[in-house]
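K.L.:
Pasting in a structure now, in structure tokens, and then I'll have a few things to ask.
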Amino acid sequence: MQTNLVQEFSNTAEGQEAEAILRSCVHCGFCTATCPTYQELNDERDGPRGRIYLMKEFLEGQPVSEKTQTHLDRCLTCRSCETTCPSGVQYGRLVDITRGFIDERIERPRRERAIRWALRRIVPHRTLFAPLLRMGQLFQPLLPDALKTKVPPRQVARSWPTTKHDRVVVALAGCVQSAATPNTNAAAARVLDKLGVSLVEASEAGCCGALNYHLSAHEDGLDNMRRNIDAWWPLVENGAEAIVMTASGCGAMVQDYGHLLRHDPAYAEKAETISSMTRDLGALLLQEDLGRLKLAKDPGKVAFHCPCTLQHAMKQNGVVEQVLRKAGITLAETRDKHLCCGSAGTYSILQPEMSQRLLKNKLQALTVDQPDRIVTANIGCQLHLGSKADRPVQHWIELLDPA
């Protein structure tokens, strides 16, 4: 694609990156076939190719309005288009960069600004999010129906193993997962313990930075990343063999630390090391002897939902399914595996109508084979699916939990 960015953008590192991405697009339109919002709306401006044209016009100095912002906001950033694209267009990076530029120049309505501010100030901070979640769980019966389903039932984590192994891997407690489903990392720790690996968390680490970064607060997101690197670095220096992700949304972000901090002289090298060490839990377990595990009970037929961040961003499509089959679990057939469930971080809050349409489609696709339960690999997907599913929804690692 021929480009002619205005100097305002072409003189910046992000603008130059955006221009390189734009030039790699050949207008083929293959991406529209796998874009969830295009499939629902049949509007070129709500598919990757159309959004790329909108972003190109903006970066070349053409006037844009709230309509352009709306079409970009409707993008889930699921990155299914990247998996489909024969030219390797890095659409996710392009939309992050352009949204950031546009949000600096077009002021959103007051209500939108308030919601985004609240999300950024509350969700990434465990000390604020956890008590508010507990309050919501306590008063759930009194909440309006629209809110009741969004509040997950309270979960209590079982105990972590006390045995210390020579092999050590590091987990991210995160923000939402540590409050809403604390048993996820605890279950992972117990499974790894049976395999001779210690899972540890760094208490100083927090949100991976995705929430801030994807809401155009790039500097705040980068600060989240630097804090996590500082928290993990002593463990890396002491011999930790991997940064293991139990939430693929966080994994997709952490694997990009090296790229996003490449111009930071104080953190570039460390960030690249952290990214190179980042592995999804499924990828780690696939290399282990799963015959050493004994399932606590038969989970029945299981439908696995592969999050967009796992299959399109981390490129781990099919890995968890291999782990579950090796462990002796029967997997149900599902449809439209490449399409997003509609969670997409804060998307379910900021774009509720489209999010609910995609959720309905996904639950139908996951239950065509009448599974006994649904499992996934990302906290956002887990909570979103669980809000409307008529059967249990949990993290897949809990199926392997010896407890």
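Scheme for the structure tokens: letters A, B, ... for chains in order shown; per-chain residue numbers from 1; ligand numbers from 1 in order shown.
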Compile the contact shell of A:Arg373 as a PyMOL selection string: residues with an atom at most 6 Å away, counting only C-alpha atoms, same-chain residues fewer than 5 positions apart removed.
P.N.:
chain A and resi 302+391-392
K.L.:
For the residues in the current selection, export N, CA and C atoms as a compact mmCIF listing (two decimals), in the first residue's frame.
P.N.:
```txt
# COMPACT_ATOMS: atom_id res chain seq x y z
N VAL A 302 -15.54 -32.36 27.50
CA VAL A 302 -15.09 -30.99 27.73
C VAL A 302 -14.99 -30.22 26.42
N ARG A 391 -23.72 -24.25 31.79
CA ARG A 391 -22.91 -25.33 32.36
C ARG A 391 -21.62 -24.72 32.90
N PRO A 392 -20.88 -25.46 33.72
CA PRO A 392 -19.68 -24.88 34.35
C PRO A 392 -18.66 -24.38 33.33
```
K.L.:
Excluding A:Ala18 and any residue of its chain fewer than 6 positions from it, enumerate the residues within 8 Å of it, using only C-alpha atoms, and give them as an MDAnalysis selection string.
P.N.:
chainID A and resid 93:94 97:98
K.L.:
Save out the residues we just selected, C-alpha atoms, as a tab-separated table (two decimals), in the first residue's frame.
P.N.:
```tsv
chain	number	residue	atom	x	y	z
A	93	ARG	CA	0.12	-2.92	16.48
A	94	LEU	CA	-1.33	-0.62	13.82
A	97	ILE	CA	-0.74	3.07	17.52
A	98	THR	CA	-3.51	4.81	15.60
```
K.L.:
Restricting the calculation to only C-alpha atoms: of A:Leu290, A:Leu350, A:Ile115, A:Leu366, which residue gets closest to A:Val191?
P.N.:
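Closest to A:Val191, using only C-alpha atoms: A:Leu290.
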K.L.:
Could you pull out the alpha helix (DSSP H) residues of stretch 318-394 of chain A, going by DSSP on the backbone, and write them as an MDAnalysis selection string?
P.N.:
chainID A and resid 319:326 347:350 352:366 379:386
K.L.:
What's around A:Gly196 at 8 Å? Count only C-alpha atoms, leave out sequence neighbours fewer than 4 positions away in its own chain, and write the answer as number ranges by chain.
P.N.:
A: 165-167, 192
K.L.:
Would you export the selected residues with N, CA and C atoms as a PDB file, in the first residue's frame, please?
P.N.:
```pdb
ATOM      1  N   HIS A 165      11.322 -27.187  44.647  1.00  0.00           N
ATOM      2  CA  HIS A 165      12.016 -27.959  43.621  1.00  0.00           C
ATOM      3  C   HIS A 165      13.165 -27.148  43.034  1.00  0.00           C
ATOM      4  N   ASP A 166      14.105 -27.846  42.420  1.00  0.00           N
ATOM      5  CA  ASP A 166      15.215 -27.157  41.760  1.00  0.00           C
ATOM      6  C   ASP A 166      14.733 -26.355  40.557  1.00  0.00           C
ATOM      7  N   ARG A 167      13.747 -26.887  39.866  1.00  0.00           N
ATOM      8  CA  ARG A 167      13.189 -26.174  38.719  1.00  0.00           C
ATOM      9  C   ARG A 167      12.152 -25.161  39.204  1.00  0.00           C
ATOM     10  N   LEU A 192       2.086 -28.396  38.609  1.00  0.00           N
ATOM     11  CA  LEU A 192       3.528 -28.327  38.358  1.00  0.00           C
ATOM     12  C   LEU A 192       4.322 -28.992  39.481  1.00  0.00           C
TER      13      LEU A 192
END
```
K.L.:
In terms of the shortest atom-to-atom distance over only C-alpha atoms, which of A:Asn224, A:Thr77, A:Gln394, A:Asn185 is closest to A:Leu172?
P.N.:
A:Asn185
K.L.:
Within stretch 288-321 of chain A, find each residue whose DSSP state, derived from the backbone, is strand (DSSP E), and express the selection as a PyMOL selection string.
P.N.:
chain A and resi 301-305
K.L.:
Of the candidates A:Asp280, A:Asp223, A:Glu57, A:Glu333, which one gets nearest to A:Leu5 if we count only C-alpha atoms?
P.N.:
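Nearest to A:Leu5: A:Glu57.
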K.L.:
Report, in Å with one decimal, the straight-line distance from atom CA of A:Gln140 to atom CA of A:Leu359.
P.N.:
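These atoms are spaced 21.7 Å apart.
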K.L.:
Show which residues sit within 8 Å of stretch 237-254 of chain A, as number ranges by chain. Count only C-alpha atoms, and ignore same-chain residues fewer than 3 positions away.
P.N.:
A: 167-172, 174, 177, 184-185, 188, 208-210, 225, 233-234, 257, 274-275, 277-281, 284, 307, 309-310, 313-314, 345, 377-380
K.L.:
Just the residues within 12 Å of A:Lys294, please, counting only C-alpha atoms, with nothing from its chain fewer than 6 positions along; format it as number ranges by chain.
P.N.:
A: 190-191, 194-195, 326-329, 399-403
K.L.:
Keeping only C-alpha atoms, write those residues as an mmCIF file, in the first residue's frame.
P.N.:
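And here is the file that came out, part_23.cif:
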```
data_model
loop_
_atom_site.group_PDB
_atom_site.id
_atom_site.type_symbol
_atom_site.label_atom_id
_atom_site.label_comp_id
_atom_site.auth_asym_id
_atom_site.auth_seq_id
_atom_site.Cartn_x
_atom_site.Cartn_y
_atom_site.Cartn_z
ATOM 1 C CA ARG A 190 -0.201 -28.001 42.370
ATOM 2 C CA VAL A 191 -0.031 -29.541 38.882
ATOM 3 C CA LYS A 194 3.516 -33.079 40.787
ATOM 4 C CA LEU A 195 5.835 -32.649 37.804
ATOM 5 C CA LYS A 326 -2.526 -36.528 26.672
ATOM 6 C CA ALA A 327 -4.039 -36.292 30.140
ATOM 7 C CA GLY A 328 -6.911 -38.536 29.032
ATOM 8 C CA ILE A 329 -9.658 -35.927 28.795
ATOM 9 C CA LEU A 399 -9.108 -30.333 35.237
ATOM 10 C CA LEU A 400 -5.565 -31.570 35.876
ATOM 11 C CA ASP A 401 -5.473 -30.401 39.490
ATOM 12 C CA PRO A 402 -4.598 -33.380 41.714
ATOM 13 C CA ALA A 403 -6.623 -31.793 44.519
#
```
K.L.:
Go ahead and compute the interatomic distance for atom CA of A:Ser80 and atom CA of A:Leu385, in Å to one decimal.
P.N.:
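Interatomic distance, atom CA of A:Ser80 to atom CA of A:Leu385: 19.0 Å.
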K.L.:
Go through A:Phe58, A:Glu107, A:Ser24, A:Arg154 and flag the residue nearest A:Gln2, using only C-alpha atoms for the distances.
P.N.:
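When distances to A:Gln2 are compared using only C-alpha atoms, the smallest one comes from A:Ser24.
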K.L.:
To one decimal in Å, tell me the separation between atom CA of A:Glu66 and atom CA of A:Ala118.
P.N.:
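A separation of 21.2 Å between them.
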